[in-house]
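Enquirer: One structure is given below, represented as C-alpha cells, and several questions about it will come after.
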Amino acid sequence: MSRRRIAFALLGILLCAVSLSLLAADREITTTIVEADGHREITVSTALADYLFSEQGGVMKSLFITFATYGSEVAELVPGTITTEEQGSRFYQYVETSEFPFTIVGGTEEEGIYTLQEPRRVDSNTIEVAFVGSIGGATVTKQYTIREDAVYTVDLQVTIENPTAEPLDLTMVLLQRIEKEGSKPLYFLFNGTVATDRLAPASDTTFDGVGLMDKATVFFLSPVQGTSVWPTEDVLPSGARRYGVKLDAPTGTSSYDFSLYGGRRRFLLMEPAGLGDLDSPGMGARLMIPVIQFLNMLYRATGNYGWAIILFTILTRLILFPLMRKQYHSMAKMQKLQPKMKRVQERFKDDRQLQQQKMMELYRKEGVNPMSGCLPLLVQLPILVLIWRAILYSGELIHLSPGFLWIPDLSMADPYFILVIVTTGIMMLQQWLMTPTRTETTGMQKYMGYIFPLFMAVLLWRFPAGLWLYYLLTTATQVAQQAIVNREMATAEAKAGPTVETDEIESEGEEDDGGDAGAEEGG
C-alpha cells in the first residue's frame, strides 16, 4: 500500500473519530410520578442525582446522589431519610418525627396536602416542579427548578399570597436533628464568613446560608441575592433541634428565592453555587484548580473532554520533553554501561570501597552522571500525580459532557477495556525499547519490566476511562520520544565510527592487585 493511501486512510479514521466524539450525549432530565398513601410523589432524575418531592407538604423527601466515580459512593443527603438499593430497586426509610426540607410551619399551624402542578419542561436541560398549598389562610407556592448543567444545585422559589390583614410569622425548615457525636457538622455563613453558631440579627450582618457539610458531601441552603431572610433555631419537645429560615408574610404577595447545593464537596463545584467561602481547599486541591481550569478551557474549545485530554497531554509532554530527553539519554547510557558495571562489581566484590571508587572512575570516563536521570523524574512525577488527581476531581464535569468514540462516559471505566489493553501493550513496548538486547540482564530481573504493566492493568482496570486515555497518550508519547532519543544516539555513534573496547579501569585494578601481591612476596 502506498504512503498516500495510508495517509488518506489515517485521515478518514481521524475524521470519523472527530465526528463520533462530537455527538452530544443523549441525556435528558426525566420525571416519574407515583401514588403514595393518598398523595402523589414525583422523582426528578438527572445525570448526577435523583430528587424525590411529595404533595404532602410540597417537600423534598430524598436527594440521592446516583453518580459515583472511582473512589466515591452513592449517598443520601436529606437528614432523616435512609435510602438503600437492592437488585436494581430503591427503598426509602424515614425517621417518624423528622420534618422534611422546605416544610413551612407557623405557630401551631401545619401544612396540609399540596397539589402537584403539571411539571413544566423548559427545555431538555431544565424542568420546573411546582406545588400549591395553604397555611394560616395564605396560599403558598413552592417551585423547584432543576437544571442538568447546574451541578448539584436546585433553585427554590417560595411565593406566599396572604389575603388577610394580619401578617404571618412563618418558618421554612431545612433540617431537624438530635445533636449527637458523629453528626455532620452544621455551618452558617454570615458576610461570607463561616460560623458554627447562629448569630443575633444585626443591621450590618447579612445571612448567606445554613446547612450540613462533612469531608465528602454538602447540603446547604442559601438565599439568592435580593432575598433577605434570617436563620432560625428551635428546640422541639422531642429534644431535636429545628434549623431553617424565617419567612415574613405581610398582607399581599411575598416571594423568596433560594439555592440548594446538595452534592460532593468539591471547591470548583461549590464556587459557582456561591459557596466558595464555605470550603477551604487544601494544598493538593489548590494545585489542582489551575490544572482543572486549563482542562476546562480546552473542553470549551473542543466541545469534548476526550479531545481536551488529548490536547492537554500533548502540551504537557512537549513542555516536559527537554527534561525527559535528558533522562532518556542518561538511561540509554546507563544501559550501555551495564556489562562494564557488572564486571567492575564482580572484580571488586570483596572491597566495597574500591568498587565504588572504580565505578565513579567508569562514570567519569564514559561521561555519565548516574543522578542526571533522577531530577527529571522527580520533576515530572508530581505533575503526573497532579493531572491524575485533577481528572478524578473533575468527574462530575466529565460525566455531563458528550462521550468519546466508543466510550459513553470518560468518568467511568472503559466498557470494553480497550484502553487498558492498548496501554498495557505500549508499556511493554516501552520496556523493550528501554532494555536493548545487548544488556546482560537475566532471570526475573529481565522480566520484571514486563510484569509491572500487567500488574498495573489488573490493579487499575476499573479506573475512569479518562485516566486511561491520559495514561495511554502519555505512554505513547514517551515511547515516541524515547525512539527519537535512541535514533539520535545511534546516529551519533555511527558518525563517531567503530571504537575498540578496552577496559583500562579493570587493567588498573589488576595492576593494583599484582603490585599488592608482589609487595607481600617481597615482605
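A note on labels: chains of the C-alpha cells are A, B, ... as shown, every chain counts residues from 1, and ligands are counted from 1 in their shown order.
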Please identify the alpha helix (DSSP H) residues within stretch 18-249 of chain A (assignment by DSSP from backbone atoms) and present them as a ChimeraX atom specification.

Expert: /A:18-21

Enquirer: Can you pull out the residues contacting stretch 418-431 of chain A? Cut-off 8 Å, using only C-alpha atoms, and skip same-chain residues under 2 positions away; I want them as a list in words.

Expert: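 Counting only C-alpha atoms, the residues come to Asp414, Tyr416, Leu433, Met434, Thr435, Gly449, Tyr450, Pro453, Leu454, Ala457, Trp461, Ala465, Trp468, Leu469, Tyr471, Leu472, Thr475, Ala476, Gln478 and Val479 of chain A.
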
Enquirer: Residues as selected, C-alpha atoms, written as a PDB file, in the first residue's frame, can you do that?

Expert:
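out39.pdb, freshly written:
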ATOM      1  CA  ASP A 414     -13.951   1.760  29.567  1.00  0.00           C
ATOM      2  CA  TYR A 416     -14.666  -2.838  26.596  1.00  0.00           C
ATOM      3  CA  LEU A 433      12.957  -0.065  23.946  1.00  0.00           C
ATOM      4  CA  MET A 434      14.466   0.623  27.363  1.00  0.00           C
ATOM      5  CA  THR A 435      16.116  -2.811  27.530  1.00  0.00           C
ATOM      6  CA  GLY A 449       9.625  -4.647  33.387  1.00  0.00           C
ATOM      7  CA  TYR A 450       7.041  -6.714  31.525  1.00  0.00           C
ATOM      8  CA  PRO A 453       2.342  -3.309  33.200  1.00  0.00           C
ATOM      9  CA  LEU A 454       0.256  -6.476  33.632  1.00  0.00           C
ATOM     10  CA  ALA A 457      -3.677  -3.334  34.414  1.00  0.00           C
ATOM     11  CA  TRP A 461      -8.701  -1.823  35.305  1.00  0.00           C
ATOM     12  CA  ALA A 465     -11.549   5.801  31.025  1.00  0.00           C
ATOM     13  CA  TRP A 468      -6.565   5.521  30.969  1.00  0.00           C
ATOM     14  CA  LEU A 469      -6.831   7.775  27.902  1.00  0.00           C
ATOM     15  CA  TYR A 471      -2.046   7.391  30.520  1.00  0.00           C
ATOM     16  CA  LEU A 472      -2.232   5.811  27.053  1.00  0.00           C
ATOM     17  CA  THR A 475       2.965   6.326  27.452  1.00  0.00           C
ATOM     18  CA  ALA A 476       2.686   6.578  23.657  1.00  0.00           C
ATOM     19  CA  GLN A 478       7.121   8.617  25.918  1.00  0.00           C
ATOM     20  CA  VAL A 479       7.717   5.719  23.525  1.00  0.00           C
TER      21      VAL A 479
END

Enquirer: I'd like the contact shell of A:Val122 - 10 Å cut-off, only C-alpha atoms, skipping same-chain residues fewer than 5 positions apart - returned as JSON, numbers by chain.

Expert: {"A": [127, 128, 145, 147]}

Enquirer: Near A:Gly136, within 12 Å and counting only C-alpha atoms, which residues show up once chain neighbours fewer than 2 positions away are dropped, as a list in words?

Expert: Ile104, Val105, Gly106, Gly107, Thr108, Glu109, Glu110, Glu111, Gly112, Gly133, Ser134, Ala138, Thr139, Val140, Ile160, Glu161, Asn162, Pro163, Thr164, Ala165, Glu166, Pro167, Leu168, Asp169, Leu170 and Ala249 of chain A

Enquirer: Keeping only N, CA and C atoms, write the selected residues to a file as an mmCIF file, in the first residue's frame.

Expert:
data_model
loop_
_atom_site.group_PDB
_atom_site.id
_atom_site.type_symbol
_atom_site.label_atom_id
_atom_site.label_comp_id
_atom_site.auth_asym_id
_atom_site.auth_seq_id
_atom_site.Cartn_x
_atom_site.Cartn_y
_atom_site.Cartn_z
ATOM 1 N N ILE A 104 -43.084 24.200 55.830
ATOM 2 C CA ILE A 104 -43.354 25.530 56.369
ATOM 3 C C ILE A 104 -44.248 25.394 57.595
ATOM 4 N N VAL A 105 -43.833 25.995 58.699
ATOM 5 C CA VAL A 105 -44.602 25.954 59.944
ATOM 6 C C VAL A 105 -44.836 27.387 60.412
ATOM 7 N N GLY A 106 -45.951 27.574 61.134
ATOM 8 C CA GLY A 106 -46.274 28.885 61.680
ATOM 9 C C GLY A 106 -47.041 28.730 62.965
ATOM 10 N N GLY A 107 -46.348 28.819 64.118
ATOM 11 C CA GLY A 107 -47.013 28.605 65.408
ATOM 12 C C GLY A 107 -47.530 27.181 65.482
ATOM 13 N N THR A 108 -48.844 27.057 65.684
ATOM 14 C CA THR A 108 -49.462 25.723 65.728
ATOM 15 C C THR A 108 -49.970 25.285 64.366
ATOM 16 N N GLU A 109 -49.839 26.161 63.379
ATOM 17 C CA GLU A 109 -50.322 25.843 62.047
ATOM 18 C C GLU A 109 -49.423 24.812 61.378
ATOM 19 N N GLU A 110 -50.028 23.867 60.690
ATOM 20 C CA GLU A 110 -49.282 22.867 59.946
ATOM 21 C C GLU A 110 -49.766 22.833 58.500
ATOM 22 N N GLU A 111 -48.848 22.525 57.633
ATOM 23 C CA GLU A 111 -49.202 22.422 56.224
ATOM 24 C C GLU A 111 -50.013 21.160 55.977
ATOM 25 N N GLY A 112 -50.868 21.224 54.987
ATOM 26 C CA GLY A 112 -51.624 20.038 54.600
ATOM 27 C C GLY A 112 -51.096 19.488 53.286
ATOM 28 N N GLY A 133 -50.265 24.976 47.961
ATOM 29 C CA GLY A 133 -50.959 24.592 49.182
ATOM 30 C C GLY A 133 -51.325 25.827 49.982
ATOM 31 N N SER A 134 -51.639 25.631 51.263
ATOM 32 C CA SER A 134 -52.039 26.780 52.086
ATOM 33 C C SER A 134 -51.622 26.565 53.523
ATOM 34 N N ALA A 138 -53.205 31.651 54.032
ATOM 35 C CA ALA A 138 -52.412 32.140 52.907
ATOM 36 C C ALA A 138 -52.160 31.005 51.923
ATOM 37 N N THR A 139 -52.061 31.349 50.641
ATOM 38 C CA THR A 139 -51.726 30.379 49.603
ATOM 39 C C THR A 139 -50.213 30.365 49.394
ATOM 40 N N VAL A 140 -49.651 29.178 49.409
ATOM 41 C CA VAL A 140 -48.200 29.020 49.285
ATOM 42 C C VAL A 140 -47.893 28.224 48.023
ATOM 43 N N ILE A 160 -45.799 33.490 48.754
ATOM 44 C CA ILE A 160 -46.871 33.466 49.753
ATOM 45 C C ILE A 160 -47.850 34.588 49.449
ATOM 46 N N GLU A 161 -49.101 34.231 49.222
ATOM 47 C CA GLU A 161 -50.161 35.221 48.978
ATOM 48 C C GLU A 161 -51.053 35.260 50.216
ATOM 49 N N ASN A 162 -50.930 36.350 50.969
ATOM 50 C CA ASN A 162 -51.671 36.490 52.222
ATOM 51 C C ASN A 162 -52.828 37.482 52.026
ATOM 52 N N PRO A 163 -54.074 36.999 51.936
ATOM 53 C CA PRO A 163 -55.210 37.905 51.714
ATOM 54 C C PRO A 163 -55.725 38.541 52.997
ATOM 55 N N THR A 164 -55.211 38.071 54.144
ATOM 56 C CA THR A 164 -55.718 38.589 55.421
ATOM 57 C C THR A 164 -55.012 39.886 55.788
ATOM 58 N N ALA A 165 -55.578 40.578 56.773
ATOM 59 C CA ALA A 165 -54.983 41.836 57.233
ATOM 60 C C ALA A 165 -53.854 41.597 58.225
ATOM 61 N N GLU A 166 -53.759 40.355 58.738
ATOM 62 C CA GLU A 166 -52.744 40.034 59.731
ATOM 63 C C GLU A 166 -51.508 39.433 59.048
ATOM 64 N N PRO A 167 -50.328 39.937 59.366
ATOM 65 C CA PRO A 167 -49.104 39.329 58.823
ATOM 66 C C PRO A 167 -48.871 37.955 59.447
ATOM 67 N N LEU A 168 -48.258 37.101 58.710
ATOM 68 C CA LEU A 168 -47.964 35.751 59.186
ATOM 69 C C LEU A 168 -46.474 35.618 59.490
ATOM 70 N N ASP A 169 -46.205 34.952 60.599
ATOM 71 C CA ASP A 169 -44.816 34.706 61.007
ATOM 72 C C ASP A 169 -44.524 33.228 60.747
ATOM 73 N N LEU A 170 -43.824 32.945 59.651
ATOM 74 C CA LEU A 170 -43.625 31.561 59.210
ATOM 75 C C LEU A 170 -42.145 31.191 59.254
ATOM 76 N N ALA A 249 -44.613 37.128 56.093
ATOM 77 C CA ALA A 249 -45.685 37.152 55.086
ATOM 78 C C ALA A 249 -46.683 38.241 55.431
#

Enquirer: Separation of atom CA of A:Tyr70 and atom CA of A:Met412, in Å?

Expert: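 For atom CA of A:Tyr70 relative to atom CA of A:Met412, the distance reads 7.4 Å.
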
Enquirer: Tell me, in Å to one decimal, how far atom CA of A:Phe294 is from atom CA of A:Phe312.

Expert: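 So the two atoms, atom CA of A:Phe294 and atom CA of A:Phe312, lie 8.3 Å apart.
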
Enquirer: Tell me which of A:Thr103, A:Tyr256, A:Leu278, A:Leu77 sits closest to A:Lys184, counting only C-alpha atoms.

Expert: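 For A:Lys184, the nearest of the candidates is A:Leu77.
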
Enquirer: Counting only C-alpha atoms, figure out which residue out of A:Ser72, A:Asn304, A:Gly192, A:Glu361 gets nearest to A:Leu405.

Expert: A:Asn304

Enquirer: So which bits of stretch 74-319 of chain A end up strand (DSSP E) when you DSSP the backbone, as a PyMOL selection string?

Expert: chain A and resi 75-76+81-86+89-94+104-105+115-116+120-123+126-135+138-147+153-162+168-177+186-190+193-195+207-213+217-223+230-235+241-249+252-264

Enquirer: Counting only C-alpha atoms, which residues of stretch 205-266 of chain A sit at most 12 Å from some atom of stretch 79-96 of chain A, and what is each one's closest atom pair with its distance in Å to one decimal, listed by chain and rising residue number, as a tab-separated table?

Expert:
residue	atom	partner	partner_atom	distance
A:Gly211	CA	A:Pro79	CA	10.6
A:Leu212	CA	A:Pro79	CA	9.3
A:Met213	CA	A:Pro79	CA	11.8
A:Val218	CA	A:Pro79	CA	11.7
A:Phe219	CA	A:Pro79	CA	9.2
A:Phe220	CA	A:Pro79	CA	11.8
A:Ser238	CA	A:Glu96	CA	11.7
A:Ala240	CA	A:Gly80	CA	11.7
A:Arg242	CA	A:Pro79	CA	11.4
A:Tyr243	CA	A:Pro79	CA	11.5
A:Gly262	CA	A:Pro79	CA	11.6

Enquirer: Go ahead and write the residues just picked, N, CA and C atoms, as a short mmCIF file (atom, residue, chain, number, x, y, z; two decimals), in the first residue's frame.

Expert:
data_model
loop_
_atom_site.label_atom_id
_atom_site.label_comp_id
_atom_site.auth_asym_id
_atom_site.auth_seq_id
_atom_site.Cartn_x
_atom_site.Cartn_y
_atom_site.Cartn_z
N GLY A 211 -26.42 24.98 56.61
CA GLY A 211 -26.52 23.60 56.15
C GLY A 211 -25.48 22.71 56.76
N LEU A 212 -25.41 21.50 56.26
CA LEU A 212 -24.51 20.47 56.77
C LEU A 212 -23.36 20.26 55.78
N MET A 213 -22.19 19.93 56.32
CA MET A 213 -21.05 19.64 55.47
C MET A 213 -20.09 18.72 56.21
N VAL A 218 -22.07 17.97 50.88
CA VAL A 218 -22.58 19.25 51.36
C VAL A 218 -24.09 19.30 51.10
N PHE A 219 -24.86 19.78 52.10
CA PHE A 219 -26.30 20.01 51.96
C PHE A 219 -26.56 21.39 52.53
N PHE A 220 -26.64 22.39 51.65
CA PHE A 220 -26.57 23.78 52.11
C PHE A 220 -27.58 24.64 51.37
N SER A 238 -39.39 16.99 71.48
CA SER A 238 -38.68 15.71 71.39
C SER A 238 -37.20 15.83 71.74
N ALA A 240 -35.16 17.38 69.72
CA ALA A 240 -34.50 17.66 68.45
C ALA A 240 -34.42 19.17 68.22
N ARG A 242 -34.49 22.21 65.41
CA ARG A 242 -35.00 22.51 64.06
C ARG A 242 -34.26 23.75 63.54
N TYR A 243 -33.71 23.60 62.34
CA TYR A 243 -32.99 24.71 61.71
C TYR A 243 -33.69 25.08 60.42
N GLY A 262 -26.72 20.42 47.02
CA GLY A 262 -26.68 19.11 47.66
C GLY A 262 -25.83 18.17 46.82
#

Enquirer: Could you check which of A:Tyr393, A:Phe53, A:Tyr187, A:Tyr261 is closest to A:Pro231, using only C-alpha atoms?

Expert: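 Of A:Tyr393, A:Phe53, A:Tyr187, A:Tyr261, the one nearest A:Pro231 is A:Tyr187, counting only C-alpha atoms.
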
Enquirer: Which of these, A:Ile387, A:Ile65, A:Ala273, A:Leu381, has the shortest distance to A:Ala285 once you count only C-alpha atoms?

Expert: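 The shortest atom-to-atom distance to A:Ala285 comes from A:Ile387.
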
Enquirer: Tell me, in Å to one decimal, how far atom CA of A:Trp406 is from atom CA of A:Arg462.

Expert: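 Interatomic distance here is 16.4 Å.
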
Enquirer: Need to verify the contact set: A:Phe131, 8 Å, only C-alpha atoms, exclusion of same-chain residues closer than 3 positions in sequence. Can you return it as a PyMOL selection string?

Expert: chain A and resi 55+58+114-117+141-143

Enquirer: Could you take the residues named above and write them with N, CA and C atoms, as a PDB file, in the first residue's frame?

Expert:
ATOM      1  N   GLU A  55     -46.403  15.644  47.548  1.00  0.00           N
ATOM      2  CA  GLU A  55     -47.533  16.552  47.745  1.00  0.00           C
ATOM      3  C   GLU A  55     -47.832  16.766  49.228  1.00  0.00           C
ATOM      4  N   GLY A  58     -45.469  19.522  50.007  1.00  0.00           N
ATOM      5  CA  GLY A  58     -44.668  20.070  48.912  1.00  0.00           C
ATOM      6  C   GLY A  58     -43.188  20.067  49.230  1.00  0.00           C
ATOM      7  N   TYR A 114     -50.447  19.437  49.505  1.00  0.00           N
ATOM      8  CA  TYR A 114     -50.298  20.372  48.394  1.00  0.00           C
ATOM      9  C   TYR A 114     -50.799  19.705  47.112  1.00  0.00           C
ATOM     10  N   THR A 115     -50.962  20.484  46.094  1.00  0.00           N
ATOM     11  CA  THR A 115     -51.347  19.956  44.784  1.00  0.00           C
ATOM     12  C   THR A 115     -50.166  20.089  43.834  1.00  0.00           C
ATOM     13  N   LEU A 116     -49.753  18.979  43.292  1.00  0.00           N
ATOM     14  CA  LEU A 116     -48.662  18.983  42.328  1.00  0.00           C
ATOM     15  C   LEU A 116     -49.159  19.517  40.993  1.00  0.00           C
ATOM     16  N   GLN A 117     -48.552  20.579  40.499  1.00  0.00           N
ATOM     17  CA  GLN A 117     -48.894  21.120  39.196  1.00  0.00           C
ATOM     18  C   GLN A 117     -48.224  20.279  38.099  1.00  0.00           C
ATOM     19  N   THR A 141     -46.965  28.740  47.222  1.00  0.00           N
ATOM     20  CA  THR A 141     -46.484  28.028  46.033  1.00  0.00           C
ATOM     21  C   THR A 141     -44.986  27.780  46.189  1.00  0.00           C
ATOM     22  N   LYS A 142     -44.597  26.513  46.068  1.00  0.00           N
ATOM     23  CA  LYS A 142     -43.183  26.144  46.098  1.00  0.00           C
ATOM     24  C   LYS A 142     -42.791  25.635  44.711  1.00  0.00           C
ATOM     25  N   GLN A 143     -41.890  26.330  44.080  1.00  0.00           N
ATOM     26  CA  GLN A 143     -41.459  25.939  42.734  1.00  0.00           C
ATOM     27  C   GLN A 143     -39.977  25.567  42.756  1.00  0.00           C
TER      28      GLN A 143
END

Enquirer: Between A:Thr217, A:Thr69, A:Gln176, A:Asn125, which one has atoms that come closest to A:Val235, using only C-alpha atoms?

Expert: A:Gln176

Enquirer: Please determine, counting only C-alpha atoms, which residue among A:Ala36, A:Thr316, A:Thr253, A:Tyr363 has the shortest atom-to-atom distance to A:Gln338.

Expert: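 Using only C-alpha atoms, the shortest distance to A:Gln338 belongs to A:Tyr363.
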